[in-house]
Amino acid sequence: MANSVFSSLVAGARRPGGSRRAVLHPGDGSWVADVEDAREQDVEAALAAAVHGARAMARLTACERAQILRRTASAVADRADALARGIALEAGKPVRDARIEVSRCEVTFRTAAEEASRLGGEVIPIDAAPNGAGRLGIVRRFPVGIITAITPFNFPLNLAAHKVAPALASGNAVILKPAPRTPLSAFALAEILLDCGCPPEAIAVTPGVPPVIDPLIEDPRVSMVSFTGSAQVGWELRRRAPKKKVTLELGGNAAVIIHSDADLGAAVARCTAGAFTYSGQVCIRSQRILLHEAVAERFLAAFLARGAALRMGSPLEESTDLGPMIDAAAASRAASWVAEAIEAGARRLLGGEPRGSYFPPTVLTDVPRTCRAYAEEIFAPVVTVETYSSLEEALAIADDSKYGLQAGIFTNDLAAVLRAHERLTVGALIHNDVPMFRADPMPYGGVRESGIGREGLRYAMEEMTEPRLLVLRPDPNR
């Protein structure tokens with residue numbers, strides 16, 4: 001990292017002075033950088049600046065906003081190696097996966113630039129109603145104002161981009177509150193935006209914890225809160241902001257169905273990635289694999305072999321498949337859930353005990369559905385497998401969850417795909433792939449405990465704007 005100490009970034013300037021804490025590498029606990037948390041006066045300064053920033057963004061033309069976003073995308077691409085290394089250091093993500101995240105961040109900003117140029121409204125035929133004769137309705141979308149963006153540790157760059165890019169594209173100011181363990185990518189992104197011409201008051205980064213950062217949620221100057229993180233924190237946040245727009249991208253417990261006609265080679269390869277990528281710390285990872293009884297034995301043999309061949313190691317090494325979890329406490333929690341399941345009758349087909357923050361790929365079967373490793377989001381490289389005999393049985397099992405983020409189905413039977421799309425209560429169903437698939441322009445979000453609202457650039461911009469109607473009456477005597 002170019003800097004060794006990071007502090008609140010407000011109106012283009014650093015505001016040092018808060019309590020200092022270290023950002024540590026998840027793999028070995030080595031020091032990466034120091035961060036000074038925001039103080040009350042820093043949060044107030046960010047809010048005051050954002051008032052001016054929102055006005056500045058609203059005054060920019062769509063063309064000017066798009067130009068800022070395009071320059072940002074190009075700058076992200078130019079700094080890809082440094083950004084990927086930063087993600088590997090602070091988040092423990094294997095550098096190969098970190099490069100993919102950086103590439104996705106570039107796509108996110110390029111798509112936002114395109115959507116900034118397309119953000120429009122509609123004409124309403126008011127005269128369709130008897131009392132609307134001689135009138136014309138025009139709906140335009142206007143920015144909500146100030147958006148607080150709260151991001152998690154697992155995609156510290158691209159999930160920040162998924163909030164910042166649409167906020168700016170639609171003419172808002174944004175205050176970014178990154179995860180305490182991974183704030184450095186957020187600072188890097190904000191600095192790139194400033195270099196690329198973003199009005200300084202329109203982007204701020206305020207690291208910190210409650211109660212200091214509470215005004216970012218509760219202050220009336222904030223019009224919207226966009227949160228990605230745990231369900232427990234997300235729903236409490238919404239309770240504290242009842243009069244604001246709130247979008248929540250929360251946890252999942254995703255199921256993937258491997259039907260009797262599935263391409264097993266493709267299914268095994270994708271399920272290995274879907275279960276174990278980034279040590280399972282992905283909310284749309286495959287946590288439950290449902291196998292048709294006709295293919296279960298063949299799938300499992302190949303899946304277990306592939307999982308056993310994955311290499312754990314330093315995230316900075318090109319050959320690493322699985323790096324560390326975010327910390328040893330996360331690995332220990334996952335191990336306790338696995339032990340609980342085994343004590344309740346589950347069998348471990350693959351895996352072992354964690355070593356510090358490193359957790360081996362783990363496959364469980366015969367897991368009682370009351371166990372946390374089955375029913376909750378384990379957020380670790382742990383997957384459960386079970387068999388079914390009919391599609392309807394598989395759909396019932398997959399839908400038996402309090403979560404509803406994404407699901408996957410491997411089959412060449414289009415009728416089965418359409419039936420699953422109708423039956424499963426999820427934000428998205430992914431055909432012939434795992435639930436972990438996400439293309440950045442697509443609508444993304446969940447139902448039930450998995451959240452409310454949608455991300456994906458155009459969809460996020462709709463959340464971040466308000467429709468405003470103008471009723472024209474050219475002839476007042478008509």
# chains A, B, ... in the order shown; residues from 1 in each chain; ligands from 1
$ residues_around --residues "Lys244 in chain A" --least-positions-apart "2" --cutoff "7 Å" --atoms "only C-alpha atoms" --output "number ranges by chain"
A: 223-224, 241-242, 246
$ residues_around --residues "range 418-431 of chain A" --least-positions-apart "4" --cutoff "12 Å" --atoms "only C-alpha atoms" --output "MDAnalysis selection string"
chainID A and resid 249:250 252:259 262:263 266:267 270 284 286 391:414 435:439 442:455
$ write_last_selection --atoms "C-alpha atoms" --output "PDB file, in the first residue's frame"
ATOM      1  CA  GLU A 249     -28.401  -7.291   0.366  1.00  0.00           C
ATOM      2  CA  LEU A 250     -28.132  -9.936   3.057  1.00  0.00           C
ATOM      3  CA  GLY A 252     -28.199 -16.743   1.754  1.00  0.00           C
ATOM      4  CA  ASN A 253     -28.305 -20.504   2.028  1.00  0.00           C
ATOM      5  CA  ALA A 254     -28.311 -21.297  -1.654  1.00  0.00           C
ATOM      6  CA  ALA A 255     -29.294 -24.658  -3.096  1.00  0.00           C
ATOM      7  CA  VAL A 256     -28.227 -26.102  -6.433  1.00  0.00           C
ATOM      8  CA  ILE A 257     -30.148 -28.972  -8.028  1.00  0.00           C
ATOM      9  CA  ILE A 258     -28.283 -31.569 -10.101  1.00  0.00           C
ATOM     10  CA  HIS A 259     -31.059 -33.257 -12.081  1.00  0.00           C
ATOM     11  CA  ALA A 262     -27.362 -32.895 -15.962  1.00  0.00           C
ATOM     12  CA  ASP A 263     -23.987 -32.580 -17.645  1.00  0.00           C
ATOM     13  CA  ALA A 266     -19.881 -29.166 -15.975  1.00  0.00           C
ATOM     14  CA  ALA A 267     -21.875 -29.576 -12.762  1.00  0.00           C
ATOM     15  CA  ARG A 270     -18.971 -25.374 -11.293  1.00  0.00           C
ATOM     16  CA  ILE A 284     -24.578 -16.794  -3.091  1.00  0.00           C
ATOM     17  CA  SER A 286     -23.619 -23.272  -3.136  1.00  0.00           C
ATOM     18  CA  LEU A 391     -38.119 -32.706  -9.335  1.00  0.00           C
ATOM     19  CA  GLU A 392     -40.989 -31.682  -7.065  1.00  0.00           C
ATOM     20  CA  GLU A 393     -39.148 -33.159  -4.092  1.00  0.00           C
ATOM     21  CA  ALA A 394     -35.993 -31.242  -5.033  1.00  0.00           C
ATOM     22  CA  LEU A 395     -37.897 -27.977  -5.371  1.00  0.00           C
ATOM     23  CA  ALA A 396     -39.552 -28.474  -1.981  1.00  0.00           C
ATOM     24  CA  ILE A 397     -36.176 -29.097  -0.343  1.00  0.00           C
ATOM     25  CA  ALA A 398     -34.521 -26.151  -2.078  1.00  0.00           C
ATOM     26  CA  ASP A 399     -37.331 -23.800  -1.074  1.00  0.00           C
ATOM     27  CA  ASP A 400     -37.364 -24.964   2.549  1.00  0.00           C
ATOM     28  CA  SER A 401     -35.285 -22.062   3.810  1.00  0.00           C
ATOM     29  CA  LYS A 402     -35.829 -18.716   5.447  1.00  0.00           C
ATOM     30  CA  TYR A 403     -33.453 -17.254   2.874  1.00  0.00           C
ATOM     31  CA  GLY A 404     -34.163 -16.510  -0.787  1.00  0.00           C
ATOM     32  CA  LEU A 405     -31.182 -15.053  -2.616  1.00  0.00           C
ATOM     33  CA  GLN A 406     -30.306 -17.264  -5.618  1.00  0.00           C
ATOM     34  CA  ALA A 407     -30.557 -20.922  -6.633  1.00  0.00           C
ATOM     35  CA  GLY A 408     -29.149 -23.058  -9.417  1.00  0.00           C
ATOM     36  CA  ILE A 409     -30.352 -25.995 -11.482  1.00  0.00           C
ATOM     37  CA  PHE A 410     -28.427 -28.255 -13.855  1.00  0.00           C
ATOM     38  CA  THR A 411     -30.757 -29.823 -16.411  1.00  0.00           C
ATOM     39  CA  ASN A 412     -31.487 -29.763 -20.129  1.00  0.00           C
ATOM     40  CA  ASP A 413     -35.232 -30.041 -19.531  1.00  0.00           C
ATOM     41  CA  LEU A 414     -36.628 -26.571 -20.211  1.00  0.00           C
ATOM     42  CA  PRO A 435     -26.109 -19.816  -7.590  1.00  0.00           C
ATOM     43  CA  MET A 436     -22.800 -17.955  -7.311  1.00  0.00           C
ATOM     44  CA  PHE A 437     -23.058 -16.705 -10.895  1.00  0.00           C
ATOM     45  CA  ARG A 438     -23.469 -12.943 -11.088  1.00  0.00           C
ATOM     46  CA  ALA A 439     -23.001 -10.656 -14.066  1.00  0.00           C
ATOM     47  CA  MET A 442     -28.113  -8.050 -13.955  1.00  0.00           C
ATOM     48  CA  PRO A 443     -30.676  -7.384 -11.214  1.00  0.00           C
ATOM     49  CA  TYR A 444     -29.371  -8.820  -7.967  1.00  0.00           C
ATOM     50  CA  GLY A 445     -31.076  -9.194  -4.623  1.00  0.00           C
ATOM     51  CA  GLY A 446     -33.159 -11.494  -2.487  1.00  0.00           C
ATOM     52  CA  VAL A 447     -36.412 -12.048  -0.700  1.00  0.00           C
ATOM     53  CA  ARG A 448     -37.371 -13.336   2.731  1.00  0.00           C
ATOM     54  CA  GLU A 449     -34.387 -12.983   5.092  1.00  0.00           C
ATOM     55  CA  SER A 450     -32.085 -12.303   2.154  1.00  0.00           C
ATOM     56  CA  GLY A 451     -33.104  -8.676   1.828  1.00  0.00           C
ATOM     57  CA  ILE A 452     -35.149  -6.090  -0.032  1.00  0.00           C
ATOM     58  CA  GLY A 453     -34.436  -4.067  -3.146  1.00  0.00           C
ATOM     59  CA  ARG A 454     -32.161  -4.791  -6.090  1.00  0.00           C
ATOM     60  CA  GLU A 455     -28.646  -3.955  -7.156  1.00  0.00           C
TER      61      GLU A 455
END
$ select_by_dssp --residues "range 121-298 of chain A" --states "helix (DSSP H, G or I)" --output "PyMOL selection string"
chain A and resi 126-128+130-132+158-169+184-195+200-202+215-218+231-240+264-280+296-298
$ closest_residue --among "A:Pro368, A:Gly456, A:Pro467, A:Gly132" --to "Val107 in chain A" --atoms "only C-alpha atoms"
A:Gly456
